[in-house]
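Text of the file input_22.txt, holding compact mmCIF, C-alpha atoms:
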# COMPACT_ATOMS: atom_id res chain seq x y z
CA MET A 42 21.95 -135.99 96.34
CA SER A 43 19.50 -134.23 98.63
CA LYS A 44 17.19 -131.58 97.26
CA ARG A 45 16.28 -128.27 98.80
CA PHE A 46 12.64 -128.24 99.93
CA LEU A 47 10.84 -125.12 101.14
CA TYR A 48 7.43 -125.30 102.79
CA VAL A 49 5.62 -121.95 102.53
CA ASN A 50 3.01 -121.32 105.23
CA ARG A 51 0.57 -118.44 104.72
CA LYS A 52 -2.56 -119.39 106.69
CA ALA A 53 -3.67 -118.89 110.29
CA PRO A 54 -3.75 -122.11 112.34
CA TYR A 55 -7.33 -123.15 113.18
CA GLY A 56 -9.72 -121.53 110.68
CA THR A 57 -8.58 -123.82 107.87
CA ILE A 58 -6.77 -127.17 107.76
CA TYR A 59 -3.72 -125.87 105.82
CA ALA A 60 -1.44 -125.26 108.82
CA LEU A 61 -1.93 -128.71 110.33
CA GLU A 62 -1.64 -130.40 106.93
CA SER A 63 1.63 -128.60 106.25
CA LEU A 64 3.06 -129.59 109.62
CA GLU A 65 2.15 -133.24 109.06
CA VAL A 66 3.71 -133.26 105.60
CA VAL A 67 6.87 -131.67 107.01
CA LEU A 68 7.14 -134.34 109.72
CA ILE A 69 6.53 -137.17 107.28
CA GLY A 70 8.87 -135.64 104.71
CA ALA A 71 11.61 -135.27 107.33
CA ALA A 72 12.15 -139.04 107.14
CA PHE A 73 13.56 -138.63 103.62
CA GLU A 74 16.56 -136.61 104.80
CA GLN A 75 16.25 -133.75 102.36
CA ASP A 76 17.39 -130.20 102.98
CA VAL A 77 14.20 -128.78 104.48
CA SER A 78 13.33 -125.16 105.26
CA LEU A 79 10.06 -123.62 106.44
CA ALA A 80 8.84 -120.11 105.66
CA PHE A 81 6.12 -118.32 107.60
CA LEU A 82 4.61 -115.21 106.05
CA ASP A 83 1.28 -113.37 105.88
CA ASP A 84 -1.19 -114.98 108.34
CA GLY A 85 1.13 -118.00 108.53
CA VAL A 86 3.09 -116.18 111.25
CA PHE A 87 0.08 -116.70 113.53
CA GLN A 88 0.87 -120.44 113.53
CA LEU A 89 3.92 -119.82 115.68
CA THR A 90 2.41 -117.57 118.36
CA ARG A 91 2.82 -118.49 122.03
CA GLY A 92 -0.01 -119.20 124.43
CA GLN A 93 -2.43 -121.05 122.16
CA GLN A 94 -5.12 -122.84 124.22
CA THR A 95 -7.73 -124.74 122.24
CA ASP A 96 -9.47 -126.78 124.95
CA GLU A 97 -12.67 -124.71 124.78
CA LEU A 98 -12.79 -125.22 121.01
CA GLY A 99 -12.45 -128.98 121.26
CA VAL A 100 -9.71 -129.10 118.62
CA LYS A 101 -6.13 -130.22 119.06
CA ASN A 102 -3.58 -127.55 119.94
CA PHE A 103 -0.76 -128.50 117.57
CA SER A 104 1.48 -125.54 118.35
CA PRO A 105 3.71 -127.59 120.76
CA THR A 106 4.60 -129.83 117.83
CA TYR A 107 6.57 -127.01 116.14
CA LYS A 108 9.00 -127.37 119.07
CA ALA A 109 9.74 -130.95 117.96
CA LEU A 110 10.96 -129.82 114.52
CA GLY A 111 14.51 -129.49 115.84
CA ASP A 112 14.47 -133.21 116.74
CA TYR A 113 13.49 -133.92 113.12
CA ASP A 114 16.50 -131.90 111.87
CA VAL A 115 14.23 -129.18 110.54
CA ASN A 116 16.04 -126.14 111.80
CA LYS A 117 15.81 -123.45 109.14
CA ILE A 118 12.63 -121.60 109.95
CA TYR A 119 12.26 -118.26 108.20
CA VAL A 120 9.74 -115.74 109.52
CA GLU A 121 9.03 -112.66 107.42
CA ARG A 122 9.54 -109.41 109.30
CA GLU A 123 6.99 -107.39 107.29
CA SER A 124 4.27 -109.97 108.04
CA LEU A 125 4.99 -109.85 111.78
CA GLU A 126 4.98 -106.05 111.83
CA ALA A 127 1.69 -105.81 109.90
CA ARG A 128 0.14 -107.92 112.68
CA GLY A 129 1.59 -105.95 115.58
CA LEU A 130 3.79 -108.90 116.54
CA SER A 131 7.46 -109.29 117.36
CA LEU A 132 9.80 -112.26 117.78
CA ASP A 133 8.94 -112.31 121.51
CA ASP A 134 5.35 -113.27 120.64
CA LEU A 135 6.54 -116.46 118.90
CA LEU A 136 7.37 -119.88 120.32
CA PRO A 137 11.07 -120.32 121.07
CA LEU A 138 12.09 -122.92 118.46
CA THR A 139 15.55 -124.43 118.87
CA TYR A 140 17.73 -127.28 117.68
CA GLU A 141 20.93 -128.89 118.87
CA ASP A 142 23.81 -128.39 116.47
CA GLU A 143 25.57 -131.72 115.89
CA ASP A 144 28.61 -129.94 114.40
CA ASP A 145 28.99 -127.64 117.40
CA ASP A 146 29.01 -130.08 120.37
CA TRP A 147 25.18 -130.14 120.43
CA ALA A 148 24.91 -126.50 121.36
CA GLU A 149 21.30 -125.32 121.50
CA LYS A 150 20.62 -122.74 118.78
CA ASP A 151 17.61 -120.76 117.57
CA SER A 152 15.85 -122.20 114.53
CA ILE A 153 13.88 -119.05 113.72
CA LYS A 154 15.51 -116.50 111.44
CA LEU A 155 13.77 -113.21 110.92
CA VAL A 156 14.08 -112.21 107.25
CA SER A 157 12.79 -109.40 105.06
CA ALA A 158 10.40 -110.04 102.16
CA ALA A 159 13.31 -109.37 99.77
CA GLU A 160 15.50 -111.94 101.55
CA LEU A 161 12.66 -114.46 101.55
CA ALA A 162 12.27 -113.99 97.79
CA GLU A 163 15.94 -115.00 97.36
CA ILE A 164 15.45 -118.00 99.68
CA MET A 165 12.49 -119.13 97.56
CA GLN A 166 14.52 -118.70 94.38
CA ALA A 167 17.30 -120.92 95.76
CA GLN A 168 15.07 -124.00 96.27
CA ASP A 169 14.61 -127.11 94.15
CA VAL A 170 11.03 -127.63 95.34
CA VAL A 171 8.59 -125.15 96.89
CA LEU A 172 5.45 -126.50 98.57
CA SER A 173 2.73 -123.98 99.35
CA PHE A 174 0.16 -124.20 102.14
CA MET B 1415 -28.64 -106.51 111.99
CA LEU B 1416 -25.89 -108.74 113.36
CA HIS B 1417 -22.94 -109.35 111.04
CA THR B 1418 -20.57 -112.24 111.65
CA VAL B 1419 -17.09 -112.40 110.11
CA ASN B 1420 -14.95 -115.55 110.21
CA LYS B 1421 -11.99 -114.54 108.00
CA SER B 1422 -8.76 -112.82 109.02
CA PRO B 1423 -8.78 -109.19 107.80
CA LEU B 1424 -5.08 -109.57 106.99
CA ASP B 1425 -5.83 -112.40 104.57
CA ARG B 1426 -9.13 -111.36 102.97
CA ASN B 1427 -11.19 -108.20 102.54
CA THR B 1428 -14.25 -109.79 104.19
CA LEU B 1429 -14.17 -107.61 107.32
CA GLU B 1430 -13.54 -104.50 105.25
CA SER B 1431 -16.52 -105.26 103.03
CA CYS B 1432 -18.68 -106.04 106.07
CA ILE B 1433 -17.76 -102.72 107.70
CA GLN B 1434 -18.61 -100.84 104.52
CA HIS B 1435 -22.08 -102.38 104.57
CA ALA B 1436 -22.83 -102.24 108.29
CA LEU B 1437 -25.31 -99.49 109.12
CA LYS B 1438 -25.21 -97.39 112.28
CA GLY B 1439 -26.58 -99.32 115.25
CA SER B 1440 -25.76 -102.74 113.86
CA ALA B 1441 -23.28 -105.17 115.41
CA VAL B 1442 -20.25 -107.05 114.10
CA LEU B 1443 -19.25 -110.33 115.75
CA LEU B 1444 -15.76 -111.68 115.02
CA ILE B 1445 -15.52 -115.47 115.09
CA GLU B 1446 -12.93 -118.14 114.10
CA ASP B 1447 -10.09 -116.48 112.09
CA GLY B 1448 -12.15 -113.27 112.19
CA VAL B 1449 -10.86 -112.71 115.74
CA TYR B 1450 -7.55 -111.44 114.33
CA GLY B 1451 -9.59 -108.34 113.44
CA ALA B 1452 -9.97 -107.61 117.16
CA MET B 1453 -6.21 -107.27 117.76
CA GLN B 1454 -4.58 -103.97 118.63
CA GLY B 1455 -1.65 -102.68 116.61
CA THR B 1456 -2.23 -104.48 113.33
CA GLN B 1457 -2.48 -102.86 109.90
CA LYS B 1458 -6.25 -103.32 110.10
CA SER B 1459 -6.85 -102.07 113.68
CA PRO B 1460 -7.44 -98.43 112.58
CA MET B 1461 -10.22 -99.56 110.25
CA VAL B 1462 -11.98 -101.37 113.11
CA GLU B 1463 -11.40 -98.57 115.61
CA SER B 1464 -12.95 -96.11 113.22
CA ALA B 1465 -15.97 -98.35 112.52
CA MET B 1466 -16.56 -98.73 116.27
CA LYS B 1467 -17.91 -95.16 116.39
CA GLU B 1468 -21.13 -96.35 114.79
CA VAL B 1469 -21.15 -100.13 115.11
CA SER B 1470 -20.73 -102.37 118.19
CA PHE B 1471 -18.00 -105.01 117.98
CA TYR B 1472 -17.95 -108.37 119.73
CA VAL B 1473 -15.41 -111.21 119.65
CA ILE B 1474 -15.59 -114.87 120.73
CA GLY B 1475 -13.27 -115.50 123.72
CA PRO B 1476 -12.53 -119.20 123.07
CA ASP B 1477 -11.45 -118.33 119.49
CA LEU B 1478 -9.07 -115.69 120.87
CA LYS B 1479 -7.64 -118.14 123.40
CA ALA B 1480 -7.09 -120.87 120.81
CA ARG B 1481 -4.98 -118.44 118.80
CA GLY B 1482 -2.94 -117.25 121.78
CA ILE B 1483 -4.41 -113.71 121.70
CA ASP B 1484 -4.54 -112.40 125.26
CA ALA B 1485 -7.49 -110.20 126.24
CA SER B 1486 -5.00 -107.39 126.91
CA ARG B 1487 -4.25 -107.24 123.17
CA VAL B 1488 -7.86 -106.79 122.13
CA ILE B 1489 -8.90 -103.29 120.99
CA ASP B 1490 -10.51 -101.38 123.88
CA GLY B 1491 -14.28 -101.31 123.54
CA ILE B 1492 -14.67 -104.67 121.82
CA ASP B 1493 -16.75 -107.00 124.02
CA ILE B 1494 -15.31 -110.47 124.56
CA ILE B 1495 -18.19 -112.95 124.75
CA ASP B 1496 -18.68 -116.72 125.00
CA TYR B 1497 -21.05 -118.95 123.03
CA SER B 1498 -24.08 -118.13 125.17
CA GLY B 1499 -23.32 -114.46 124.45
CA PHE B 1500 -23.34 -115.38 120.75
CA VAL B 1501 -26.84 -116.83 121.17
CA ASP B 1502 -27.99 -113.70 123.01
CA LEU B 1503 -26.76 -111.51 120.14
CA VAL B 1504 -28.55 -113.61 117.54
CA ALA B 1505 -31.74 -113.29 119.61
CA LYS B 1506 -31.29 -109.55 120.13
CA TYR B 1507 -30.93 -108.56 116.46
CA ASP B 1508 -33.72 -109.11 113.94
CA LYS B 1509 -31.46 -110.83 111.46
CA THR B 1510 -27.97 -112.15 111.02
CA GLN B 1511 -25.69 -111.91 108.02
CA SER B 1512 -22.68 -114.22 107.80
CA TRP B 1513 -19.77 -112.76 105.85
CA LEU B 1514 -17.83 -115.78 104.61
CA MET C 1402 -13.30 -153.00 118.45
CA ALA C 1403 -12.60 -153.28 122.14
CA LEU C 1404 -10.09 -154.63 124.62
CA GLU C 1405 -11.29 -156.18 127.89
CA VAL C 1406 -9.26 -155.02 130.91
CA ASN C 1407 -10.33 -155.66 134.53
CA GLY C 1408 -13.90 -156.21 133.40
CA LYS C 1409 -13.97 -152.92 131.51
CA SER C 1410 -14.27 -152.57 127.76
CA ILE C 1411 -11.71 -150.21 126.20
CA ALA C 1412 -12.23 -148.91 122.66
CA VAL C 1413 -9.36 -149.57 120.22
CA ASP C 1414 -9.06 -149.14 116.47
CA GLU C 1415 -8.64 -151.99 113.97
CA GLU C 1416 -4.88 -152.02 114.57
CA GLY C 1417 -5.22 -152.10 118.36
CA TYR C 1418 -4.38 -148.44 119.13
CA LEU C 1419 -6.48 -146.82 121.89
CA GLU C 1420 -9.33 -144.70 120.53
CA ASN C 1421 -9.18 -142.44 123.58
CA ARG C 1422 -5.77 -141.56 124.98
CA ASP C 1423 -7.30 -140.70 128.39
CA ASP C 1424 -8.37 -144.33 128.87
CA TRP C 1425 -4.73 -145.35 129.38
CA ASN C 1426 -3.40 -146.89 132.58
CA THR C 1427 -0.65 -149.41 133.35
CA ASP C 1428 -3.05 -152.36 133.37
CA ILE C 1429 -4.23 -151.45 129.88
CA ALA C 1430 -0.60 -151.11 128.79
CA LYS C 1431 0.10 -154.63 130.09
CA ALA C 1432 -2.98 -155.97 128.32
CA ILE C 1433 -1.92 -154.42 124.99
CA ALA C 1434 1.62 -155.74 125.51
CA GLN C 1435 0.19 -159.21 126.06
CA GLU C 1436 -1.73 -158.97 122.78
CA GLU C 1437 1.61 -158.08 121.18
CA GLY C 1438 3.24 -161.09 122.83
CA LEU C 1439 5.45 -158.95 125.07
CA ASP C 1440 6.18 -159.27 128.76
CA MET C 1441 6.73 -155.78 130.16
CA SER C 1442 10.16 -155.42 131.83
CA ASP C 1443 11.60 -152.26 133.40
CA SER C 1444 13.37 -151.60 130.10
CA HIS C 1445 10.06 -151.75 128.24
CA TRP C 1446 8.47 -149.34 130.72
CA GLU C 1447 11.38 -146.95 130.35
CA VAL C 1448 10.67 -146.58 126.63
CA VAL C 1449 6.88 -146.47 127.06
CA ASN C 1450 7.13 -143.77 129.73
CA PHE C 1451 9.57 -141.84 127.57
CA LEU C 1452 7.06 -141.87 124.71
CA ARG C 1453 4.25 -140.67 126.95
CA GLU C 1454 6.38 -137.77 128.19
CA TYR C 1455 7.37 -136.92 124.61
CA TYR C 1456 3.72 -136.85 123.58
CA ASP C 1457 2.75 -134.64 126.53
CA GLU C 1458 5.39 -132.14 125.54
CA TYR C 1459 5.09 -132.14 121.74
CA GLN C 1460 1.66 -133.65 121.01
CA ILE C 1461 3.11 -136.21 118.62
CA ALA C 1462 4.54 -139.69 118.76
CA PRO C 1463 8.09 -139.39 117.41
CA ALA C 1464 9.31 -141.19 114.28
CA VAL C 1465 11.73 -144.09 114.96
CA ARG C 1466 14.77 -142.06 113.97
CA VAL C 1467 13.78 -139.27 116.36
CA LEU C 1468 12.89 -141.72 119.12
CA THR C 1469 16.28 -143.45 118.84
CA LYS C 1470 18.16 -140.17 118.95
CA SER C 1471 16.13 -138.77 121.86
CA ILE C 1472 16.37 -141.98 123.90
CA GLY C 1473 20.12 -141.95 123.40
CA LYS C 1474 20.31 -138.41 124.67
CA LYS C 1475 18.13 -139.08 127.72
CA LEU C 1476 18.93 -142.69 128.68
CA GLY C 1477 22.40 -143.17 127.24
CA LYS C 1478 24.05 -144.33 124.01
CA ASP C 1479 23.69 -148.05 124.89
CA LYS C 1480 19.90 -147.59 124.71
CA GLY C 1481 19.73 -145.05 121.89
CA ASN C 1482 20.26 -147.52 119.07
CA SER C 1483 17.87 -149.52 116.96
CA LYS C 1484 19.32 -152.91 117.96
CA TYR C 1485 18.43 -152.32 121.62
CA LEU C 1486 14.99 -150.93 120.80
CA TYR C 1487 14.11 -153.66 118.30
CA GLU C 1488 15.13 -156.31 120.84
CA LEU C 1489 12.56 -154.85 123.23
CA PHE C 1490 9.92 -154.25 120.56
CA PRO C 1491 10.53 -156.68 117.68
CA TYR C 1492 7.73 -155.29 115.49
CA GLY C 1493 9.13 -151.79 115.59
CA PRO C 1494 9.76 -149.60 118.65
CA ALA C 1495 7.70 -146.65 117.48
CA LYS C 1496 4.77 -148.75 116.35
CA GLN C 1497 4.61 -151.30 119.19
CA ALA C 1498 5.76 -149.10 122.04
CA CYS C 1499 3.38 -146.31 120.97
CA LYS C 1500 0.49 -148.72 120.98
CA ILE C 1501 1.37 -149.88 124.51
CA ALA C 1502 1.81 -146.26 125.58
CA GLY C 1503 -1.73 -145.53 124.41
CA LEU C 1504 -0.55 -143.07 121.76
CA PRO C 1505 -1.62 -142.76 118.13
CA LYS C 1506 0.50 -144.36 115.45
CA PRO C 1507 3.58 -142.18 114.87
CA THR C 1508 3.24 -139.58 112.13
CA GLY C 1509 5.04 -140.84 109.06
CA CYS C 1510 4.94 -144.44 110.20
CA VAL C 1511 3.24 -146.37 107.38
Output the structure of this file as structure tokens.
Amino acid sequence: MSKRFLYVNRKAPYGTIYALESLEVVLIGAAFEQDVSLAFLDDGVFQLTRGQQTDELGVKNFSPTYKALGDYDVNKIYVERESLEARGLSLDDLLPLTYEDEDDDWAEKDSIKLVSAAELAEIMQAQDVVLSF
Amino acid sequence: MLHTVNKSPLDRNTLESCIQHALKGSAVLLIEDGVYGAMQGTQKSPMVESAMKEVSFYVIGPDLKARGIDASRVIDGIDIIDYSGFVDLVAKYDKTQSWL
Amino acid sequence: MALEVNGKSIAVDEEGYLENRDDWNTDIAKAIAQEEGLDMSDSHWEVVNFLREYYDEYQIAPAVRVLTKSIGKKLGKDKGNSKYLYELFPYGPAKQACKIAGLPKPTGCV
């Protein structure tokens, strides 16, 4: 019986190690075929912004890896609307994350779902395990 | 005095506290996650725009780029500088305070 | 540790993975394959090149399950199965092929 896992991401990508750690745990955890969802709120929404270029910083730009999540069957990615708005961002500022739906002739679908804080609270409540980063 | 801030203003009150303690004629340099404080249209932009009347603001370009923040989204009047500009600022002001 | 290729010394870790991904070229790939006891055929190259393209796009080496699925999608069902891939790379397609491709060990591959 698979359990419902939610990874909660609240930190910006490069200032601390949390974002990269979370992504690595998600990828490793994906091998265990659980029901995995990701939530991005507060500064965590900055992890998904387009156009990141880290070459001058000498650190790895791991933002392209979020686009591989669909291949790992991680396709429920919740982004909190209030957090985006507080940062002057919209969905267009985020990476286009997609997956291919096995049950719908492999049609390409969006993984990101924009949700309100109230909806995200319900999503959190519905999990078996919540992991916070 | 040169103040440096390396925390996102949307995550911590570091920038807010720095601004409250920055005297007229001093400078604030936004580095690392502090560069989110240089963005237009966030909940914290009005605080920065208001502080800019008395304090000069600078931001590190490579830190903006790493985070995908285009120069066009930086608040008008904030100077985007590189690391040699950082060194120049440290040399220009008599002391530096790092807000962590 | 180091690997000698064409008179040049290439840095590798204790498991034989390249320390510096930019060092990679086809001669180095062949040398690593030889260490692994593999003779590189076109089928081997197909998988190695696929992995390099995957890394360029996503910045990770895919887990075996993901590799199998993605190979199947790109190169056909007859190649997208573990029997085919394990025949080419007996010690594990993700592990061995990644090493030959000059990539880090796949995330989640222990």
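From atom CA of Asn1426 of chain C back to atom CA of Lys1500 of chain C, the distance works out to 12.4 Å.
Straight-line separation from atom CA of Leu89 of chain A to atom CA of Leu1424 of chain B: 16.2 Å.
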Which polymer residues have any atom within 7 Å of an atom of segment 150-167 of chain A, counting only C-alpha atoms, with same-chain residues fewer than 5 positions away left out, as a CSV table (one decimal) with C-alpha atoms, keeping the file's coordinate frame?
chain,number,residue,atom,x,y,z
A,116,ASN,CA,16.0,-126.1,111.8
A,117,LYS,CA,15.8,-123.4,109.1
A,118,ILE,CA,12.6,-121.6,110.0
A,119,TYR,CA,12.3,-118.3,108.2
A,120,VAL,CA,9.7,-115.7,109.5
A,121,GLU,CA,9.0,-112.7,107.4
A,122,ARG,CA,9.5,-109.4,109.3
A,123,GLU,CA,7.0,-107.4,107.3
A,138,LEU,CA,12.1,-122.9,118.5
A,139,THR,CA,15.6,-124.4,118.9
A,140,TYR,CA,17.7,-127.3,117.7
A,141,GLU,CA,20.9,-128.9,118.9
A,142,ASP,CA,23.8,-128.4,116.5
Could the residues of chain C within 10 Å of chain A, counting only C-alpha atoms, be given as number ranges by chain, please? C: 1455-1468, 1470-1471, 1507-1511
Chain B contacts to chain A at 9 Å (all atoms listed in the file) as a list in words: Asn1420, Lys1421, Ser1422, Leu1424, Asp1425, Glu1446, Asp1447, Gly1448, Tyr1450, Met1453, Gln1454, Gly1455, Thr1456, Gln1457, Lys1458, Pro1476, Asp1477, Leu1478, Lys1479, Ala1480, Arg1481, Gly1482, Ile1483 and Asp1484 of chain B
Work out how far apart atom CA of Gly1438 of chain C and atom CA of Thr1469 of chain C are and give it in Å to one decimal. 22.3 Å
